[in-house]
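Right, one structure below, let's go through it.
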Amino acid sequence: MVLKMKKENYELLEGYMLSCMDENAHDKEHIYRVLYTALEIAESEKDVDYDILISACLLHDIGRKEQFENPKLCHAKIGAEKAYKFLNENGFSREFADNVSACIDSHRFRGNNKPKSIEAKILFDADKIDVCGTMGIARTLYYNSTLGEPLYNLDENRNVLRGEEDKNASFFQEYKFKLEKVYERLYTDKGREIANSRRKSAVDFYENMLSETSETYKSKNNLKKHIY
């Protein structure tokens, strides 16, 4: 177990992370928020290797650019491969590179590869906390806009879909698929505590937006009065 990371190693990894950042919803400030949250969670856990944890946090999204350019790719897998290669090329042991790579490979919400080590679980929780609350709402709206996805979809009668029944991407769909369910997927007690402290603001935003849009579309039949 390592309790501190060498400054030169931190600066090396931080520099590589910064060179890989290209997509604003997952920008460098997202990385730092995840890192700071992970360190807070780690204080409540035992036997955390901070060398592995800090490295994994810094490098967890270095595959985002590739996924953004080709949505068929998984940024977690690409990032894990890039991290392993970078660490090996810069004098880190193969075992260390394996551990960091495994954390990155298992941090994705949509992935089937569940985190196993305590460092991987902390990274997963810290990353998901950044899609909780108002921060999660803001980041999701920003990311959806870069993909050209709508706020919501309509059924054949032009009623607003809540998100559960959406077959097409939208903010409401992402909220129901991911943002609403994140809280039950976390692994650490501290992670759940932090996430739940942010939960109400996200629920209120979704419910208010759904109510406002749904009420507006209820008045659609008034249009017929003004067209002949």
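Ordering of the structure tokens sets the chain letters (A, B, ...); residue numbers start at 1 within each chain; ligands are numbered from 1 in the order shown.
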
task = For region 182-194 of chain A, work out the shell of residues within 9 Å, counting only C-alpha atoms and skipping chain neighbours fewer than 6 positions away, then give it as an MDAnalysis selection string.
result = chainID A and resid 37:38 40:42 44:45 109 118 121:122 124:126 128:129 131:132

Now that the selection is made, can you save its residues with C-alpha atoms as a compact mmCIF listing (two decimals), in the first residue's frame?
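Output file out02.txt is given in full below:
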```
# COMPACT_ATOMS: atom_id res chain seq x y z
CA THR A 37 -13.83 13.26 -4.71
CA ALA A 38 -11.89 9.98 -4.91
CA GLU A 40 -12.32 12.18 -0.02
CA ILE A 41 -13.86 8.72 -0.39
CA ALA A 42 -10.49 7.04 0.15
CA SER A 44 -13.10 6.36 4.69
CA GLU A 45 -11.63 3.17 3.21
CA PHE A 109 -21.43 2.95 -16.10
CA ILE A 118 -10.85 -0.85 -3.75
CA LYS A 121 -14.46 0.97 -6.79
CA ILE A 122 -13.45 4.41 -5.54
CA PHE A 124 -16.12 4.28 -10.24
CA ASP A 125 -17.96 6.06 -7.42
CA ALA A 126 -16.09 9.34 -7.81
CA LYS A 128 -20.42 8.67 -11.10
CA ILE A 129 -20.79 11.32 -8.40
CA VAL A 131 -23.10 12.95 -12.91
CA CYS A 132 -25.18 13.41 -9.74
```

Alpha helix (DSSP H) residues, from DSSP on the backbone, in chain A, as a ChimeraX atom specification = /A:7-20,28-42,50-59,64-69,75-89,94-105,118-129,133-146,171-174,189-218

- prompt: So which one's closest to Leu179 (chain A), A:Arg94, A:Glu212, A:His226, A:Arg110? Using only C-alpha atoms, please.
  reply: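 Closest residue, counting only C-alpha atoms: A:Arg110.
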
One decimal, in Å: what's the spacing between CA of Asp130 (chain A) and CA of Gly63 (chain A)?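 Distance between the two atoms: 17.8 Å.
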
Record the distance separating CA of Ser219 (chain A) and CA of Asn153 (chain A), expressed in Å with one decimal.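 Interatomic distance, CA of Ser219 (chain A) to CA of Asn153 (chain A): 16.8 Å.
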
Which residues are close to Lys176 (chain A), i.e. within 9 Å by only C-alpha atoms, leaving aside same-chain residues fewer than 6 positions away? Reply as a PDB file with N, CA, C and O atoms, in the first residue's frame.
```pdb
ATOM      1  N   ARG A 162     -41.510  10.630 -21.248  1.00  0.00           N
ATOM      2  CA  ARG A 162     -40.818  10.837 -19.969  1.00  0.00           C
ATOM      3  C   ARG A 162     -39.357  10.395 -20.006  1.00  0.00           C
ATOM      4  O   ARG A 162     -38.547  10.854 -19.217  1.00  0.00           O
ATOM      5  N   GLY A 163     -39.040   9.478 -20.910  1.00  0.00           N
ATOM      6  CA  GLY A 163     -37.666   8.998 -20.987  1.00  0.00           C
ATOM      7  C   GLY A 163     -37.557   7.491 -20.929  1.00  0.00           C
ATOM      8  O   GLY A 163     -36.745   6.890 -21.629  1.00  0.00           O
ATOM      9  N   GLU A 164     -38.401   6.837 -20.112  1.00  0.00           N
ATOM     10  CA  GLU A 164     -38.312   5.372 -19.971  1.00  0.00           C
ATOM     11  C   GLU A 164     -38.628   4.674 -21.287  1.00  0.00           C
ATOM     12  O   GLU A 164     -38.023   3.648 -21.622  1.00  0.00           O
TER      13      GLU A 164
END
```

Long-range neighbours of region 167-175 of chain A as an mmCIF file with N, CA and C atoms, in the first residue's frame, 8 Å cut-off, only C-alpha atoms, 4 positions minimum in chain:
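The result, written out as result36.cif:
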```cif
data_model
loop_
_atom_site.group_PDB
_atom_site.id
_atom_site.type_symbol
_atom_site.label_atom_id
_atom_site.label_comp_id
_atom_site.auth_asym_id
_atom_site.auth_seq_id
_atom_site.Cartn_x
_atom_site.Cartn_y
_atom_site.Cartn_z
ATOM 1 N N THR A 140 -24.632 16.568 -18.603
ATOM 2 C CA THR A 140 -25.405 15.750 -19.547
ATOM 3 C C THR A 140 -26.005 16.617 -20.643
ATOM 4 N N LEU A 141 -26.568 17.763 -20.281
ATOM 5 C CA LEU A 141 -27.122 18.666 -21.284
ATOM 6 C C LEU A 141 -26.037 19.149 -22.241
ATOM 7 N N ASN A 144 -25.015 16.143 -24.499
ATOM 8 C CA ASN A 144 -26.070 15.847 -25.470
ATOM 9 C C ASN A 144 -26.095 16.868 -26.591
ATOM 10 N N GLU A 149 -28.333 15.883 -29.775
ATOM 11 C CA GLU A 149 -29.489 15.154 -29.253
ATOM 12 C C GLU A 149 -30.490 16.117 -28.625
ATOM 13 N N PRO A 150 -31.795 15.836 -28.751
ATOM 14 C CA PRO A 150 -32.823 16.740 -28.231
ATOM 15 C C PRO A 150 -32.988 16.637 -26.719
ATOM 16 N N LEU A 151 -33.711 17.605 -26.167
ATOM 17 C CA LEU A 151 -34.024 17.562 -24.737
ATOM 18 C C LEU A 151 -35.005 16.443 -24.426
ATOM 19 N N TYR A 152 -35.961 16.230 -25.336
ATOM 20 C CA TYR A 152 -36.984 15.208 -25.138
ATOM 21 C C TYR A 152 -37.514 14.772 -26.494
ATOM 22 N N ASN A 153 -38.257 13.665 -26.492
ATOM 23 C CA ASN A 153 -38.907 13.168 -27.704
ATOM 24 C C ASN A 153 -40.416 13.132 -27.494
ATOM 25 N N LEU A 161 -42.527 12.404 -24.121
ATOM 26 C CA LEU A 161 -42.123 11.133 -23.530
ATOM 27 C C LEU A 161 -41.268 11.393 -22.294
ATOM 28 N N ARG A 162 -41.510 10.630 -21.248
ATOM 29 C CA ARG A 162 -40.818 10.837 -19.969
ATOM 30 C C ARG A 162 -39.357 10.395 -20.006
ATOM 31 N N GLY A 163 -39.040 9.478 -20.910
ATOM 32 C CA GLY A 163 -37.666 8.998 -20.987
ATOM 33 C C GLY A 163 -37.557 7.491 -20.929
ATOM 34 N N LEU A 179 -28.814 8.839 -15.071
ATOM 35 C CA LEU A 179 -28.733 9.782 -13.967
ATOM 36 C C LEU A 179 -29.599 9.371 -12.784
ATOM 37 N N GLU A 180 -30.769 8.827 -13.053
ATOM 38 C CA GLU A 180 -31.674 8.419 -11.982
ATOM 39 C C GLU A 180 -31.191 7.171 -11.252
ATOM 40 N N TYR A 206 -35.409 17.518 -13.194
ATOM 41 C CA TYR A 206 -36.090 16.641 -14.154
ATOM 42 C C TYR A 206 -37.605 16.786 -14.048
#
```

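With only C-alpha atoms as the basis for measurement, A:His26 is the residue among A:Arg198, A:His26, A:Lys72, A:Lys218 that approaches Tyr143 (chain A) most closely.
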
- Task: Determine, counting only C-alpha atoms, which protein, DNA and RNA residues have an atom within 12 Å of an atom of Ser117 (chain A); residues of the same chain fewer than 2 positions away are not included. Present the result as a PyMOL selection string.
- Result: chain A and resi 45-49+52-53+56+98-107+114-115+119-124+187-188

Just-selected residues, N, CA and C atoms written as a CSV table (one decimal), in the first residue's frame:
```csv
chain,number,residue,atom,x,y,z
A,45,GLU,N,-11.9,4.6,3.6
A,45,GLU,CA,-11.6,3.2,3.2
A,45,GLU,C,-10.3,2.7,3.7
A,46,LYS,N,-10.1,1.4,3.8
A,46,LYS,CA,-8.8,0.8,4.3
A,46,LYS,C,-8.0,0.3,3.1
A,47,ASP,N,-6.7,0.3,3.4
A,47,ASP,CA,-5.7,-0.3,2.5
A,47,ASP,C,-5.8,0.2,1.0
A,48,VAL,N,-5.9,1.5,0.9
A,48,VAL,CA,-6.0,2.2,-0.4
A,48,VAL,C,-4.6,2.5,-0.9
A,49,ASP,N,-4.2,2.1,-2.1
A,49,ASP,CA,-2.9,2.4,-2.7
A,49,ASP,C,-3.1,3.7,-3.4
A,52,ILE,N,-1.9,4.1,-7.1
A,52,ILE,CA,-2.8,3.5,-8.1
A,52,ILE,C,-4.0,4.4,-8.3
A,53,LEU,N,-4.6,4.8,-7.2
A,53,LEU,CA,-5.8,5.6,-7.2
A,53,LEU,C,-5.6,6.9,-8.0
A,56,ALA,N,-5.0,6.3,-11.7
A,56,ALA,CA,-6.3,5.9,-12.4
A,56,ALA,C,-7.2,7.1,-12.6
A,98,ASP,N,-0.8,-2.7,-14.8
A,98,ASP,CA,-1.9,-3.6,-14.8
A,98,ASP,C,-3.0,-3.1,-13.9
A,99,ASN,N,-2.6,-2.8,-12.7
A,99,ASN,CA,-3.6,-2.3,-11.7
A,99,ASN,C,-4.3,-1.0,-12.1
A,100,VAL,N,-3.6,-0.1,-12.6
A,100,VAL,CA,-4.1,1.2,-13.0
A,100,VAL,C,-5.1,0.9,-14.2
A,101,SER,N,-4.6,0.1,-15.2
A,101,SER,CA,-5.4,-0.2,-16.4
A,101,SER,C,-6.7,-0.9,-16.0
A,102,ALA,N,-6.7,-1.8,-15.0
A,102,ALA,CA,-7.9,-2.5,-14.6
A,102,ALA,C,-8.9,-1.5,-14.0
A,103,CYS,N,-8.4,-0.5,-13.2
A,103,CYS,CA,-9.3,0.5,-12.7
A,103,CYS,C,-10.0,1.3,-13.8
A,104,ILE,N,-9.3,1.7,-14.8
A,104,ILE,CA,-9.8,2.5,-15.9
A,104,ILE,C,-10.8,1.6,-16.7
A,105,ASP,N,-10.5,0.4,-16.9
A,105,ASP,CA,-11.3,-0.5,-17.8
A,105,ASP,C,-12.6,-0.7,-17.2
A,106,SER,N,-12.7,-0.6,-15.8
A,106,SER,CA,-14.0,-1.0,-15.2
A,106,SER,C,-14.8,0.2,-14.6
A,107,HIS,N,-14.4,1.4,-15.1
A,107,HIS,CA,-15.1,2.6,-14.5
A,107,HIS,C,-16.3,3.1,-15.2
A,114,LYS,N,-17.1,-5.1,-14.0
A,114,LYS,CA,-17.3,-4.5,-12.7
A,114,LYS,C,-16.0,-4.2,-12.0
A,115,PRO,N,-15.8,-3.1,-11.3
A,115,PRO,CA,-14.6,-2.9,-10.5
A,115,PRO,C,-14.4,-3.9,-9.4
A,119,GLU,N,-9.4,0.5,-5.2
A,119,GLU,CA,-9.1,1.7,-6.0
A,119,GLU,C,-10.1,1.8,-7.2
A,120,ALA,N,-10.4,0.7,-7.8
A,120,ALA,CA,-11.3,0.7,-8.9
A,120,ALA,C,-12.7,1.1,-8.5
A,121,LYS,N,-13.1,0.6,-7.3
A,121,LYS,CA,-14.5,1.0,-6.8
A,121,LYS,C,-14.5,2.5,-6.4
A,122,ILE,N,-13.5,3.0,-5.9
A,122,ILE,CA,-13.4,4.4,-5.5
A,122,ILE,C,-13.5,5.3,-6.8
A,123,LEU,N,-12.7,4.9,-7.8
A,123,LEU,CA,-12.8,5.6,-9.1
A,123,LEU,C,-14.2,5.6,-9.7
A,124,PHE,N,-14.8,4.4,-9.7
A,124,PHE,CA,-16.1,4.3,-10.2
A,124,PHE,C,-17.1,5.2,-9.5
A,187,TYR,N,-20.4,1.8,-4.9
A,187,TYR,CA,-19.8,0.7,-4.1
A,187,TYR,C,-19.4,1.1,-2.7
A,188,THR,N,-19.1,2.4,-2.4
A,188,THR,CA,-18.6,2.8,-1.1
A,188,THR,C,-19.7,3.5,-0.3
```

Within 10 Å of Arg158 (chain A) using only C-alpha atoms, minus same-chain residues under 6 positions, as a PDB file with all heavy atoms, in the first residue's frame:
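Result file is selection-v4.pdb:
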```pdb
ATOM      1  N   SER A 214     -44.566  19.176 -20.599  1.00  0.00           N
ATOM      2  CA  SER A 214     -45.811  18.426 -20.771  1.00  0.00           C
ATOM      3  C   SER A 214     -47.019  19.360 -20.761  1.00  0.00           C
ATOM      4  O   SER A 214     -47.947  19.214 -21.577  1.00  0.00           O
ATOM      5  CB  SER A 214     -45.967  17.372 -19.671  1.00  0.00           C
ATOM      6  OG  SER A 214     -44.927  16.417 -19.735  1.00  0.00           O
ATOM      7  N   TYR A 217     -47.343  21.215 -24.111  1.00  0.00           N
ATOM      8  CA  TYR A 217     -47.855  20.416 -25.228  1.00  0.00           C
ATOM      9  C   TYR A 217     -49.322  20.056 -25.057  1.00  0.00           C
ATOM     10  O   TYR A 217     -49.982  19.694 -26.032  1.00  0.00           O
ATOM     11  CB  TYR A 217     -46.996  19.161 -25.415  1.00  0.00           C
ATOM     12  CG  TYR A 217     -45.745  19.436 -26.217  1.00  0.00           C
ATOM     13  CD1 TYR A 217     -44.604  19.951 -25.606  1.00  0.00           C
ATOM     14  CD2 TYR A 217     -45.697  19.212 -27.593  1.00  0.00           C
ATOM     15  CE1 TYR A 217     -43.464  20.238 -26.330  1.00  0.00           C
ATOM     16  CE2 TYR A 217     -44.558  19.485 -28.332  1.00  0.00           C
ATOM     17  CZ  TYR A 217     -43.441  20.006 -27.690  1.00  0.00           C
ATOM     18  OH  TYR A 217     -42.306  20.291 -28.424  1.00  0.00           O
ATOM     19  N   LYS A 218     -49.842  20.160 -23.843  1.00  0.00           N
ATOM     20  CA  LYS A 218     -51.269  19.914 -23.652  1.00  0.00           C
ATOM     21  C   LYS A 218     -52.108  20.976 -24.354  1.00  0.00           C
ATOM     22  O   LYS A 218     -53.291  20.757 -24.640  1.00  0.00           O
ATOM     23  CB  LYS A 218     -51.604  19.885 -22.158  1.00  0.00           C
ATOM     24  CG  LYS A 218     -51.169  18.614 -21.441  1.00  0.00           C
ATOM     25  CD  LYS A 218     -51.539  18.656 -19.974  1.00  0.00           C
ATOM     26  CE  LYS A 218     -51.077  17.389 -19.251  1.00  0.00           C
ATOM     27  NZ  LYS A 218     -51.404  17.442 -17.802  1.00  0.00           N
ATOM     28  N   LYS A 220     -51.513  22.100 -27.319  1.00  0.00           N
ATOM     29  CA  LYS A 220     -51.266  22.048 -28.761  1.00  0.00           C
ATOM     30  C   LYS A 220     -52.543  22.106 -29.590  1.00  0.00           C
ATOM     31  O   LYS A 220     -52.544  22.586 -30.727  1.00  0.00           O
ATOM     32  CB  LYS A 220     -50.476  20.788 -29.115  1.00  0.00           C
ATOM     33  CG  LYS A 220     -51.154  19.462 -28.785  1.00  0.00           C
ATOM     34  CD  LYS A 220     -50.235  18.290 -29.105  1.00  0.00           C
ATOM     35  CE  LYS A 220     -50.866  16.947 -28.734  1.00  0.00           C
ATOM     36  NZ  LYS A 220     -51.031  16.814 -27.261  1.00  0.00           N
TER      37      LYS A 220
END
```
